[in-house]
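Printed here is coords33.cif (mmCIF, C-alpha atoms and all ligand atoms):
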data_my_file
#
loop_
_atom_site.label_atom_id
_atom_site.label_comp_id
_atom_site.auth_asym_id
_atom_site.auth_seq_id
_atom_site.Cartn_x
_atom_site.Cartn_y
_atom_site.Cartn_z
CA MET A 1 -12.04 -2.75 41.00
CA SER A 2 -13.68 0.67 40.98
CA GLU A 3 -10.38 2.56 41.02
CA THR A 4 -10.70 5.52 38.66
CA LEU A 5 -8.48 5.47 35.60
CA LEU A 6 -9.87 8.33 33.55
CA GLU A 7 -11.90 11.32 34.55
CA LEU A 8 -13.48 13.91 32.29
CA ARG A 9 -14.46 17.13 34.04
CA ASN A 10 -16.89 19.52 32.42
CA ILE A 11 -15.37 19.33 28.94
CA LYS A 12 -16.55 21.98 26.49
CA LYS A 13 -15.56 22.32 22.86
CA SER A 14 -16.75 24.46 19.95
CA PHE A 15 -15.68 24.58 16.34
CA GLY A 16 -16.30 28.12 15.13
CA THR A 17 -19.77 29.00 16.34
CA THR A 18 -20.89 25.36 16.70
CA ASP A 19 -20.94 23.97 20.25
CA VAL A 20 -19.91 20.35 19.86
CA LEU A 21 -19.40 19.34 23.51
CA ASN A 22 -21.56 21.06 26.12
CA GLY A 23 -19.87 20.29 29.42
CA ILE A 24 -19.49 16.53 29.75
CA GLY A 25 -18.19 14.68 32.80
CA LEU A 26 -17.49 11.02 33.49
CA SER A 27 -15.32 8.66 35.55
CA ILE A 28 -14.06 5.42 34.03
CA SER A 29 -12.75 2.59 36.21
CA ARG A 30 -9.62 0.60 35.54
CA GLY A 31 -10.42 -2.51 33.51
CA GLU A 32 -13.80 -1.24 32.40
CA PHE A 33 -15.24 -1.68 28.89
CA ILE A 34 -17.18 1.51 28.32
CA THR A 35 -18.99 2.41 25.10
CA PHE A 36 -20.05 5.78 23.72
CA LEU A 37 -23.22 5.25 21.73
CA GLY A 38 -24.83 8.04 19.74
CA ALA A 39 -26.04 9.27 16.38
CA SER A 40 -23.70 10.68 13.76
CA GLY A 41 -22.36 14.12 14.67
CA CYS A 42 -23.17 13.97 18.41
CA GLY A 43 -19.51 14.46 19.38
CA LYS A 44 -18.18 10.94 19.99
CA THR A 45 -14.98 11.27 17.96
CA THR A 46 -14.31 14.77 19.29
CA THR A 47 -14.48 13.42 22.86
CA LEU A 48 -12.13 10.59 21.98
CA ARG A 49 -9.67 12.95 20.27
CA ILE A 50 -9.61 15.12 23.39
CA ILE A 51 -8.86 12.07 25.55
CA ALA A 52 -6.10 11.01 23.12
CA GLY A 53 -4.58 14.50 23.10
CA LEU A 54 -5.25 15.09 19.40
CA GLU A 55 -7.57 17.98 20.25
CA LYS A 56 -7.66 20.50 23.12
CA PRO A 57 -10.93 21.32 24.91
CA ASP A 58 -11.99 24.96 25.31
CA GLU A 59 -12.83 24.28 28.94
CA GLY A 60 -12.57 21.39 31.37
CA GLN A 61 -9.98 18.78 32.23
CA VAL A 62 -8.89 15.26 31.35
CA LEU A 63 -7.35 13.34 34.25
CA LEU A 64 -5.51 10.07 33.79
CA GLU A 65 -4.79 8.29 37.09
CA GLY A 66 -5.52 11.56 38.84
CA ARG A 67 -2.97 13.52 36.78
CA ASP A 68 -4.11 16.43 34.62
CA VAL A 69 -3.13 15.51 31.04
CA THR A 70 -5.41 18.00 29.27
CA TYR A 71 -2.57 19.87 27.60
CA LEU A 72 -0.08 17.01 27.20
CA GLU A 73 0.80 15.74 23.73
CA PRO A 74 -0.61 12.36 22.61
CA HIS A 75 2.70 10.51 23.13
CA GLN A 76 2.96 11.87 26.66
CA ARG A 77 -0.09 9.95 27.83
CA ASP A 78 -0.51 6.20 28.19
CA VAL A 79 -3.33 6.03 25.67
CA ASN A 80 -3.52 4.35 22.27
CA THR A 81 -6.16 4.66 19.56
CA VAL A 82 -7.59 2.34 16.92
CA PHE A 83 -9.48 4.09 14.13
CA GLN A 84 -12.12 2.81 11.76
CA ASN A 85 -9.87 2.78 8.68
CA TYR A 86 -7.04 0.70 10.22
CA ALA A 87 -4.31 3.16 9.11
CA LEU A 88 -1.65 0.45 8.74
CA PHE A 89 1.66 1.43 7.14
CA PRO A 90 1.14 0.05 3.62
CA HIS A 91 4.83 -0.49 2.87
CA MET A 92 5.53 -2.48 6.05
CA ASN A 93 4.66 -6.12 6.61
CA VAL A 94 2.52 -7.27 9.52
CA GLU A 95 5.48 -7.85 11.82
CA ALA A 96 6.89 -4.36 11.18
CA ASN A 97 3.47 -2.73 11.61
CA VAL A 98 2.83 -4.42 14.96
CA GLY A 99 6.38 -3.85 16.24
CA TYR A 100 6.55 -0.22 15.14
CA GLY A 101 5.71 1.30 18.53
CA LEU A 102 8.41 -0.76 20.24
CA LYS A 103 10.99 0.04 17.58
CA ILE A 104 10.64 3.79 18.00
CA ARG A 105 10.97 3.27 21.74
CA LYS A 106 14.26 1.50 20.99
CA VAL A 107 13.26 -1.82 22.52
CA PRO A 108 15.92 -4.49 21.65
CA LYS A 109 15.25 -6.41 18.40
CA GLU A 110 14.97 -9.82 20.03
CA GLU A 111 12.40 -8.58 22.51
CA ILE A 112 10.38 -6.93 19.74
CA LYS A 113 10.30 -10.21 17.83
CA LYS A 114 9.09 -12.09 20.87
CA ARG A 115 6.41 -9.56 21.79
CA VAL A 116 5.15 -9.24 18.20
CA SER A 117 4.90 -13.01 18.01
CA ASP A 118 2.95 -13.17 21.30
CA MET A 119 0.65 -10.39 20.20
CA LEU A 120 -0.07 -12.00 16.82
CA LYS A 121 -1.00 -15.23 18.61
CA LEU A 122 -3.36 -13.25 20.79
CA VAL A 123 -5.21 -11.82 17.78
CA GLN A 124 -5.00 -15.22 16.05
CA LEU A 125 -2.72 -14.09 13.24
CA ASP A 126 0.38 -16.14 13.96
CA GLY A 127 2.01 -17.12 10.70
CA TYR A 128 1.05 -13.82 9.07
CA GLU A 129 4.29 -11.99 10.03
CA LYS A 130 5.57 -11.47 6.48
CA ARG A 131 2.27 -10.55 4.80
CA MET A 132 1.79 -7.03 3.51
CA PRO A 133 -1.39 -5.11 4.45
CA SER A 134 -2.60 -5.37 0.83
CA GLU A 135 -2.62 -9.16 1.23
CA LEU A 136 -5.00 -9.12 4.21
CA SER A 137 -8.78 -9.11 4.49
CA GLY A 138 -10.55 -6.23 6.26
CA GLY A 139 -10.94 -8.22 9.46
CA GLN A 140 -7.28 -9.28 9.42
CA LYS A 141 -6.15 -5.69 8.87
CA GLN A 142 -8.23 -4.58 11.79
CA ARG A 143 -6.71 -7.30 13.99
CA VAL A 144 -3.24 -6.07 13.00
CA ALA A 145 -4.27 -2.52 13.93
CA ILE A 146 -5.52 -3.76 17.30
CA ALA A 147 -2.33 -5.76 17.90
CA ARG A 148 -0.28 -2.69 17.04
CA ALA A 149 -2.19 -0.61 19.57
CA LEU A 150 -2.10 -3.26 22.30
CA ILE A 151 1.62 -4.06 22.06
CA ASN A 152 2.48 -0.84 23.88
CA SER A 153 0.34 -2.06 26.82
CA PRO A 154 -1.53 1.23 27.06
CA LYS A 155 -3.50 1.94 30.22
CA LEU A 156 -6.39 2.96 28.03
CA LEU A 157 -7.28 1.86 24.51
CA LEU A 158 -9.58 4.13 22.53
CA LEU A 159 -11.46 2.46 19.68
CA ASP A 160 -13.38 4.63 17.22
CA GLU A 161 -15.85 2.42 15.35
CA PRO A 162 -13.08 -0.15 14.80
CA LEU A 163 -15.45 -2.66 13.19
CA GLY A 164 -17.37 -0.14 11.09
CA ALA A 165 -15.89 -1.25 7.78
CA LEU A 166 -16.57 -4.96 8.28
CA ASP A 167 -19.56 -6.95 7.11
CA LEU A 168 -22.11 -8.04 9.70
CA LYS A 169 -20.90 -11.60 10.18
CA LEU A 170 -17.27 -10.59 10.63
CA ARG A 171 -18.35 -7.78 12.93
CA ARG A 172 -20.10 -10.20 15.26
CA ALA A 173 -17.07 -12.50 15.32
CA MET A 174 -14.70 -9.59 15.97
CA GLN A 175 -16.93 -8.29 18.77
CA THR A 176 -16.54 -11.56 20.61
CA GLU A 177 -12.81 -11.58 19.95
CA LEU A 178 -12.29 -8.00 21.14
CA LYS A 179 -14.23 -8.65 24.31
CA ARG A 180 -12.12 -11.75 24.97
CA LEU A 181 -8.90 -9.78 24.45
CA GLN A 182 -10.04 -6.99 26.71
CA LYS A 183 -10.91 -9.42 29.52
CA LYS A 184 -7.68 -11.33 29.14
CA LEU A 185 -5.41 -8.25 29.13
CA GLY A 186 -7.44 -6.26 31.66
CA ILE A 187 -6.90 -3.08 29.64
CA THR A 188 -9.54 -0.36 29.89
CA PHE A 189 -11.42 0.03 26.60
CA LEU A 190 -13.28 3.14 25.51
CA TYR A 191 -15.25 2.08 22.49
CA ILE A 192 -17.27 4.17 20.05
CA THR A 193 -20.15 2.88 17.99
CA HIS A 194 -23.54 3.89 16.69
CA ASP A 195 -24.72 0.28 16.67
CA GLN A 196 -26.93 -0.42 19.70
CA GLU A 197 -26.50 -4.17 19.45
CA GLU A 198 -22.73 -3.84 19.49
CA ALA A 199 -22.87 -1.57 22.53
CA ILE A 200 -25.18 -3.91 24.44
CA ASN A 201 -23.19 -7.04 23.60
CA MET A 202 -19.77 -5.75 24.58
CA SER A 203 -19.96 -3.12 27.28
CA ASP A 204 -19.80 -2.98 31.05
CA ARG A 205 -21.34 0.48 30.80
CA ILE A 206 -22.86 2.49 27.97
CA VAL A 207 -22.81 6.27 27.66
CA VAL A 208 -25.65 7.39 25.40
CA MET A 209 -24.56 10.66 23.80
CA ARG A 210 -26.82 13.23 22.23
CA GLU A 211 -25.86 16.60 20.78
CA GLY A 212 -22.70 17.04 22.83
CA LYS A 213 -24.18 15.81 26.10
CA PHE A 214 -24.37 12.54 27.98
CA GLU A 215 -28.04 11.62 27.93
CA GLN A 216 -27.78 8.52 30.15
CA ILE A 217 -24.95 6.43 31.58
CA GLY A 218 -25.61 2.89 32.79
CA THR A 219 -25.14 -0.83 32.34
CA PRO A 220 -26.57 -2.34 29.15
CA ASP A 221 -29.42 -3.71 31.25
CA GLU A 222 -30.23 -0.29 32.72
CA ILE A 223 -30.03 1.45 29.36
CA TYR A 224 -32.16 -1.15 27.60
CA ASN A 225 -34.72 -1.89 30.28
CA CYS A 226 -34.85 1.35 32.28
CA PRO A 227 -34.31 4.19 29.82
CA LYS A 228 -34.70 7.61 31.48
CA THR A 229 -35.62 9.56 28.36
CA SER A 230 -37.62 8.92 25.22
CA TYR A 231 -34.44 9.53 23.21
CA VAL A 232 -32.65 6.61 24.90
CA ALA A 233 -35.72 4.37 24.70
CA ASP A 234 -36.05 5.03 20.99
CA PHE A 235 -32.36 5.00 20.06
CA VAL A 236 -31.42 1.88 22.02
CA GLY A 237 -34.67 -0.06 22.18
CA ASN A 238 -36.65 1.06 19.12
CA ALA A 239 -39.46 1.98 21.46
CA ASN A 240 -42.75 3.67 20.66
CA ILE A 241 -43.18 6.83 22.70
CA ILE A 242 -46.69 7.68 23.90
CA GLU A 243 -47.36 10.88 25.84
CA GLY A 244 -49.80 10.96 28.72
CA ILE A 245 -50.71 12.16 32.21
CA VAL A 246 -50.43 10.02 35.32
CA ARG A 247 -53.88 9.62 36.90
CA GLN A 248 -53.00 7.16 39.63
CA ALA A 249 -49.61 6.06 40.95
CA GLY A 250 -49.64 2.70 42.72
CA GLU A 251 -46.77 0.70 44.11
CA GLU A 252 -46.47 -1.66 41.18
CA GLU A 253 -48.48 -0.07 38.44
CA ILE A 254 -49.53 3.37 37.38
CA LEU A 255 -52.57 4.42 35.39
CA VAL A 256 -51.90 6.84 32.57
CA GLU A 257 -54.37 8.79 30.48
CA THR A 258 -53.51 8.97 26.82
CA GLU A 259 -55.61 9.31 23.69
CA GLY A 260 -58.66 9.79 25.94
CA GLN A 261 -58.20 6.31 27.40
CA ILE A 262 -56.53 4.80 30.47
CA VAL A 263 -53.54 2.47 30.06
CA LYS A 264 -51.28 0.73 32.57
CA ALA A 265 -47.54 1.08 33.00
CA VAL A 266 -44.90 -0.05 35.47
CA SER A 267 -44.49 2.25 38.45
CA ASP A 268 -41.46 4.42 38.99
CA PRO A 269 -40.53 5.95 42.37
CA GLY A 270 -40.12 9.31 40.62
CA VAL A 271 -43.69 9.38 39.30
CA GLN A 272 -46.78 10.81 41.03
CA ALA A 273 -50.36 11.55 39.98
CA GLY A 274 -50.59 14.64 37.81
CA ASP A 275 -47.14 14.22 36.22
CA LYS A 276 -46.81 14.51 32.48
CA ILE A 277 -44.80 11.59 31.21
CA SER A 278 -44.13 9.56 28.12
CA LEU A 279 -44.42 5.80 28.03
CA ALA A 280 -41.76 3.86 26.17
CA VAL A 281 -43.03 0.54 24.85
CA ARG A 282 -40.73 -1.49 22.62
CA ARG A 283 -42.11 -2.57 19.27
CA GLU A 284 -41.94 -6.27 20.06
CA ASN A 285 -43.77 -5.82 23.35
CA MET A 286 -46.98 -4.50 21.84
CA LYS A 287 -49.88 -6.78 20.98
CA VAL A 288 -52.27 -5.98 18.17
CA CYS A 289 -55.67 -7.54 18.34
CA GLY A 290 -58.63 -7.38 15.99
CA ASP A 291 -61.43 -8.35 18.38
CA CYS A 292 -60.27 -7.28 21.85
CA GLU A 293 -62.23 -5.13 24.28
CA GLU A 294 -59.15 -3.53 25.84
CA GLY A 295 -56.23 -1.52 24.60
CA LEU A 296 -55.66 1.66 22.65
CA GLU A 297 -57.81 2.03 19.58
CA ALA A 298 -55.86 2.13 16.34
CA VAL A 299 -56.11 1.53 12.63
CA LEU A 300 -53.70 -0.78 10.82
CA LYS A 301 -52.05 1.22 8.08
CA ASP A 302 -49.35 -1.01 6.70
CA LYS A 303 -47.69 -4.42 7.06
CA SER A 304 -44.26 -5.49 5.85
CA PHE A 305 -42.00 -8.48 6.38
CA GLN A 306 -38.26 -7.97 6.95
CA ALA A 307 -35.53 -10.22 8.37
CA GLY A 308 -38.02 -12.74 9.76
CA GLN A 309 -40.11 -10.06 11.44
CA LEU A 310 -43.54 -8.75 10.68
CA HIS A 311 -43.70 -4.95 11.04
CA MET A 312 -47.05 -3.26 11.40
CA THR A 313 -47.58 0.48 11.16
CA LEU A 314 -50.64 1.74 12.94
CA ASN A 315 -52.30 5.07 13.66
CA LEU A 316 -53.79 5.89 17.04
CA ASN A 317 -56.96 8.02 17.08
CA SER A 318 -54.86 11.19 17.37
CA GLY A 319 -53.04 10.17 14.19
CA LYS A 320 -49.87 9.27 16.09
CA GLU A 321 -47.95 6.52 14.36
CA ILE A 322 -46.98 3.32 16.17
CA THR A 323 -44.78 0.50 14.91
CA VAL A 324 -45.22 -3.06 16.16
CA SER A 325 -42.84 -5.90 15.32
CA ARG A 326 -43.09 -9.58 15.90
CA TYR A 327 -41.52 -12.78 14.68
CA GLY A 328 -43.58 -14.84 12.31
CA MET A 329 -46.48 -13.99 10.02
CA ASP A 330 -49.35 -14.78 12.37
CA ALA A 331 -51.46 -11.63 12.20
CA PRO A 332 -54.57 -12.21 10.09
CA LEU A 333 -55.28 -8.50 10.03
CA SER A 334 -55.90 -6.42 6.97
CA GLN A 335 -55.01 -2.89 6.05
CA GLY A 336 -57.53 -0.31 7.25
CA GLN A 337 -58.86 -2.63 9.95
CA LYS A 338 -59.75 -1.22 13.39
CA VAL A 339 -57.68 -2.89 16.09
CA ARG A 340 -56.58 -2.46 19.71
CA ILE A 341 -52.98 -2.15 20.90
CA SER A 342 -52.11 -3.47 24.35
CA TRP A 343 -49.09 -4.46 26.44
CA GLU A 344 -48.13 -5.97 29.77
CA PRO A 345 -47.79 -3.11 32.30
CA GLN A 346 -44.13 -3.99 33.01
CA HIS A 347 -43.32 -3.34 29.34
CA ALA A 348 -44.45 0.30 29.47
CA VAL A 349 -41.66 2.35 31.07
CA PRO A 350 -42.25 5.98 32.17
CA VAL A 351 -39.68 8.36 30.61
CA ASP A 352 -39.32 12.16 30.29
CA ILE A 353 -41.07 12.74 33.61
CA ARG A 354 -42.31 16.38 33.84
CA ARG A 355 -43.93 17.92 36.89
CA GLU A 356 -45.63 21.28 36.82
CA ALA A 357 -44.24 23.49 39.60
N1 LIG A 401 -12.18 19.93 13.00
C1 LIG A 401 -13.48 20.27 12.94
N2 LIG A 401 -13.88 21.47 12.47
C2 LIG A 401 -15.18 21.84 12.44
N3 LIG A 401 -16.19 21.04 12.84
C3 LIG A 401 -15.87 19.84 13.33
C4 LIG A 401 -14.51 19.37 13.40
N4 LIG A 401 -14.52 18.13 13.92
C5 LIG A 401 -15.81 17.83 14.16
N5 LIG A 401 -16.63 18.83 13.82
C6 LIG A 401 -18.10 18.86 13.97
O1 LIG A 401 -18.39 18.50 15.30
C7 LIG A 401 -19.55 17.68 15.37
C8 LIG A 401 -19.23 16.39 16.09
O2 LIG A 401 -18.31 15.66 15.30
P1 LIG A 401 -17.77 14.22 15.74
O3 LIG A 401 -16.80 13.79 14.71
O4 LIG A 401 -17.30 14.30 17.14
O5 LIG A 401 -19.11 13.36 15.67
P2 LIG A 401 -19.33 11.78 15.86
O6 LIG A 401 -20.28 11.62 16.98
O7 LIG A 401 -18.02 11.10 15.95
O8 LIG A 401 -20.08 11.39 14.51
P3 LIG A 401 -19.94 10.08 13.55
O9 LIG A 401 -20.77 9.01 14.20
O10 LIG A 401 -20.51 10.53 12.27
O11 LIG A 401 -18.49 9.73 13.46
C9 LIG A 401 -20.02 17.49 13.92
O12 LIG A 401 -21.06 18.40 13.69
C10 LIG A 401 -18.80 17.83 13.11
O13 LIG A 401 -19.17 18.36 11.87
MG MG A 402 -16.98 9.76 14.71
#

In C-alpha cells, what does this structure look like?
Amino acid sequence: MSETLLELRNIKKSFGTTDVLNGIGLSISRGEFITFLGASGCGKTTTLRIIAGLEKPDEGQVLLEGRDVTYLEPHQRDVNTVFQNYALFPHMNVEANVGYGLKIRKVPKEEIKKRVSDMLKLVQLDGYEKRMPSELSGGQKQRVAIARALINSPKLLLLDEPLGALDLKLRRAMQTELKRLQKKLGITFLYITHDQEEAINMSDRIVVMREGKFEQIGTPDEIYNCPKTSYVADFVGNANIIEGIVRQAGEEEILVETEGQIVKAVSDPGVQAGDKISLAVRRENMKVCGDCEEGLEAVLKDKSFQAGQLHMTLNLNSGKEITVSRYGMDAPLSQGQKVRISWEPQHAVPVDIRREA
C-alpha cells in the first residue's frame, strides 16, 4: 500500500526575483488521495504544473515510480490534469471530448466507443454522448473533464480546484462523487483547494502550504486536531491563537501563563516549563460566561448571527481580539459586559513551541 508513486525532492522555483517554491519535498503513495491546501498565491498551481511537466523547476527533482521525469515533456509522463475551468473542446460533443485522448493515441474506433461509454457511466453521464459542452451545466462539464482525464488511466491525476466554479450544493455532491471514483479506480489523486472543509472531507493526507513551503503534512485528523503551528490551527480550524509561557508541564495537562493569568492546556511531549508557546483554541470550543470565577477576563465587543451560528468578538485585557462561535442564540450577554473565557484543557493545543537556548 505504501509503495511510492511520486516523489518531490527539494523543488525550488522563482519567477524573476520572486521565490515561489522554497525547497519542497514529499512522497506520495500509490492510490493515495492527497490534497494541497493553502491560501491564494502560496504556490499550489506552480507545484502542480511542475509535476505535470508544464513548468521546469530551478532546482530539485520530480520522480515518478522512481524515474526522474523532471525534464520530460507532459505527454511523456503518465500524469493527467483537470483544471478549474474545464477546458472542454467547445466544438466537440461529449463523446468526442472524452474519447479525444484515445483517438490521438490511435486506439481503434470500436474500443474508443466502448471505453467512452464505460467512462460516461462511471461519471453518471450516460445518454449525454451527443450533447455539446454549451448544452451542459457546470457540474456536468466538470464531470466530462474528469472523464476525459480518467479515460487514459493515468497513474496520477492532478486536479487544480476542479470544483471551484460550482455552487456549494453541487460542490458537496461532486466531492462525494470524486472520492467514490478515486476509490473505485484506485488512481492516485493530487488535489488542490483552498477550502478546508473540502480538504478534510476528501483526503487521505493534507499538505498545508504556506509561502512556497510545506507547513504541515498529515491526515485530516492530525491537521485538524493536532496542528503544529498557529498558521495551520488558524487556517484549517479557525482557531484563536493565544501566546503564553509554560509554567508547569504535567503528563496530561500543562499550565500556561497568559494575560497575567494561568490557564490549562493539553500536554505535548515536546513542551517543558519555560517554553514560549501559543495555544490554539477553536472558536466553537471556547465558553463565554458572565458570572464565572474562572477563565480569562474579557469584554464582549460585538455579537452577530450568521449561518445558524452566534459569533462573539471579545477583547482580552491586553486588547487581543478573540472570536467565539456557537450554535444557537443562547448567550444573554450584552455588549460591553465583562465576561470570562474558558475551555476544556484538551481543547487548547500548544503550537509554535519556542525554547530559549
Ligand atoms: N508564470 C508566472 N510568472 C510570474 N509569476 C508567476 C507565474 N506563475 C505564478 N506566479 C506567481 O507565483 C506565485 C504562486 O502562484 P501559484 O499560481 O502557484 O499560486 P496558487 O497557490 O495556485 O494560488 P491560487 O490559490 O490563487 O490559485 C504567485 O505570487 C504568482 O503571482
Ligand atoms: Mg492556483

Using all atoms of ligand LIG 401 (chain A) listed in the file and a margin of 3 Å per side, can you give the axis-aligned box centre and edge lengths in Å to one decimal, as lines of an AutoDock Vina configuration file?
center_x = -16.6
center_y = 15.4
center_z = 14.5
size_x = 14.9
size_y = 18.8
size_z = 11.3

Counting all atoms listed in the file, which protein, DNA or RNA residues come within 9 Å of ligand MG 402 (chain A), given as a list in words?
->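 Listed by chain and ascending number, the contacts are Ser40, Gly41, Cys42, Gly43, Lys44, Thr45, Thr46, Leu48, Gln84, Asp160, Glu161, Ile192 and Thr193 of chain A.
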
Hey, can you pull every residue with an atom no more than 6 Å from (-47.7, 6.0, 33.9), using all atoms listed in the file, and send it as a list in words?
-> Val246, Ile254, Leu255, Val256, Ala265 and Pro350 of chain A

Starting from the point (-48.1, 21.1, 38.1), work out which residues of protein, DNA or RNA have an atom no more than 8 Å away when counting all atoms listed in the file; state them as a PDB file with C-alpha atoms, in the frame of the given file.
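Listed below is the output, out_3.pdb:
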ATOM      1  CA  GLY A 274     -50.590  14.640  37.810  1.00  0.00           C
ATOM      2  CA  ASP A 275     -47.140  14.220  36.220  1.00  0.00           C
ATOM      3  CA  ARG A 355     -43.930  17.920  36.890  1.00  0.00           C
ATOM      4  CA  GLU A 356     -45.630  21.280  36.820  1.00  0.00           C
ATOM      5  CA  ALA A 357     -44.240  23.490  39.600  1.00  0.00           C
TER       6      ALA A 357
END

For Glu177 in chain A, please output as a ChimeraX atom specification all residues within 12 Å (counting all atoms listed in the file; exclusion window: fewer than 2 positions along the same chain).
-> /A:122-124,139,142-143,146,163,170-175,179-184,201-202

Which residues, written as a list in words, have at least one atom at most 10 Å from Asp204 in chain A, with all atoms listed in the file counted and residues fewer than 5 positions away on the same chain left out?
->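 Within the cut-off, the hits are Gly31, Glu32, Phe33, Ile34, Thr35, Phe189, Ala199, Gly218, Thr219, Pro220 and Asp221 of chain A.
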
What separation in Å, quoted to one decimal, exists between CA of Val62 in chain A and CA of Tyr191 in chain A?
->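 Value for the CA of Val62 in chain A-CA of Tyr191 in chain A distance: 17.1 Å.
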
Would you kindly return, as JSON, numbers by chain, each protein, DNA or RNA residue with an atom no farther than 12 Å from any atom of Val288 in chain A, considering all atoms listed in the file and excluding same-chain residues fewer than 6 positions away?
-> {"A": [294, 295, 296, 297, 298, 299, 300, 310, 311, 312, 313, 314, 315, 322, 323, 324, 325, 326, 330, 331, 332, 333, 334, 337, 338, 339, 340, 341, 342, 343]}

Write out as a PyMOL selection string the residues lying within 10 Å of Glu215 in chain A, counting only C-alpha atoms and excluding same-chain residues fewer than 4 positions away.
-> chain A and resi 38+207-211+227-229+231-232

Please tabulate, as a Markdown table, the residues of range 89-175 of chain A that come within 12 Å of range 63-77 of chain A, each with its closest pair of atoms and the distance in Å to one decimal, counting all atoms listed in the file and ordering rows by chain, then residue number upward.
| residue | atom | partner | partner_atom | distance |
| --- | --- | --- | --- | --- |
| A:Gly101 | CA | A:His75 | CA | 10.7 |
| A:Ile104 | CA | A:His75 | CA | 11.6 |
| A:Arg105 | CA | A:His75 | CA | 11.1 |
| A:Asn152 | CA | A:His75 | CA | 11.4 |
| A:Pro154 | CA | A:Arg77 | CA | 8.9 |
| A:Lys155 | CA | A:Arg77 | CA | 9.0 |
| A:Leu156 | CA | A:Leu64 | CA | 9.2 |
| A:Leu157 | CA | A:Arg77 | CA | 11.3 |

Find the residues near Leu279 in chain A: any atom within 10 Å, counting all atoms listed in the file, skip ones fewer than 4 places away on the same chain, and give them as a ChimeraX atom specification.
-> /A:229-230,233,239-245,256,258,263-266,347-353

Calculate how many Å separate CA of Asp291 in chain A from CA of Leu316 in chain A, rounding to one decimal.
->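 Distance reported for this atom pair: 16.2 Å.
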
Counting all atoms listed in the file, figure out which residue out of A:Lys109, A:Ile151, A:Ile11, A:Asp195 gets nearest to ligand LIG 401 (chain A).
->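 So, comparing all the options, the nearest one is A:Asp195.
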
Between CA of Ser14 in chain A and CA of Gly212 in chain A - distance in Å to one decimal =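 One can read the CA of Gly212 in chain A to CA of Ser14 in chain A distance as 9.9 Å.
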
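If you measure from each of A:Thr17, A:Ser203, A:Gln61, A:Ser153 to Gly186 in chain A using only C-alpha atoms, the closest one turns out to be A:Ser153.
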
Between A:Glu55, A:Glu95, A:Glu257, A:Glu344, which is the closest to ligand LIG 401 (chain A) once you count all atoms listed in the file?
->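 Result for the nearest residue to ligand LIG 401 (chain A): A:Glu55.
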
Distance criterion (only C-alpha atoms and all ligand atoms): nearest to ligand LIG 401 (chain A) out of A:Pro108, A:Gly23, A:Gly138, A:Gly164 | A:Gly164

Go through A:Gly53, A:Gly127, A:Pro269, A:Gly16 and flag the residue nearest ligand LIG 401 (chain A), using all atoms listed in the file for the distances.
->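 Using all atoms listed in the file, the shortest distance to ligand LIG 401 (chain A) belongs to A:Gly16.
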
Missing atoms in range 110-123 of chain A: can you complete it with N, CA and C atoms, as a tab-separated table (two decimals), in the coordinates of the input?
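Full text of part_31.tsv as output:
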chain	number	residue	atom	x	y	z
A	110	GLU	N	15.42	-8.49	19.63
A	110	GLU	CA	14.97	-9.82	20.03
A	110	GLU	C	13.66	-9.74	20.83
A	111	GLU	N	13.60	-8.74	21.69
A	111	GLU	CA	12.40	-8.58	22.51
A	111	GLU	C	11.20	-8.19	21.63
A	112	ILE	N	11.47	-7.32	20.65
A	112	ILE	CA	10.38	-6.93	19.74
A	112	ILE	C	9.82	-8.17	19.06
A	113	LYS	N	10.72	-9.01	18.55
A	113	LYS	CA	10.30	-10.21	17.83
A	113	LYS	C	9.41	-11.08	18.70
A	114	LYS	N	9.83	-11.24	19.94
A	114	LYS	CA	9.09	-12.09	20.87
A	114	LYS	C	7.71	-11.49	21.16
A	115	ARG	N	7.69	-10.18	21.42
A	115	ARG	CA	6.41	-9.56	21.79
A	115	ARG	C	5.45	-9.49	20.61
A	116	VAL	N	6.00	-9.25	19.40
A	116	VAL	CA	5.15	-9.24	18.20
A	116	VAL	C	4.54	-10.63	18.02
A	117	SER	N	5.36	-11.64	18.20
A	117	SER	CA	4.90	-13.01	18.01
A	117	SER	C	3.79	-13.34	19.02
A	118	ASP	N	3.99	-12.94	20.27
A	118	ASP	CA	2.95	-13.17	21.30
A	118	ASP	C	1.66	-12.45	20.95
A	119	MET	N	1.82	-11.21	20.50
A	119	MET	CA	0.65	-10.39	20.20
A	119	MET	C	-0.12	-10.96	19.00
A	120	LEU	N	0.60	-11.44	17.99
A	120	LEU	CA	-0.07	-12.00	16.82
A	120	LEU	C	-0.82	-13.28	17.19
A	121	LYS	N	-0.28	-14.03	18.13
A	121	LYS	CA	-1.00	-15.23	18.61
A	121	LYS	C	-2.31	-14.80	19.27
A	122	LEU	N	-2.20	-13.74	20.05
A	122	LEU	CA	-3.36	-13.25	20.79
A	122	LEU	C	-4.50	-12.84	19.85
A	123	VAL	N	-4.15	-12.22	18.72
A	123	VAL	CA	-5.21	-11.82	17.78
A	123	VAL	C	-5.40	-12.89	16.69
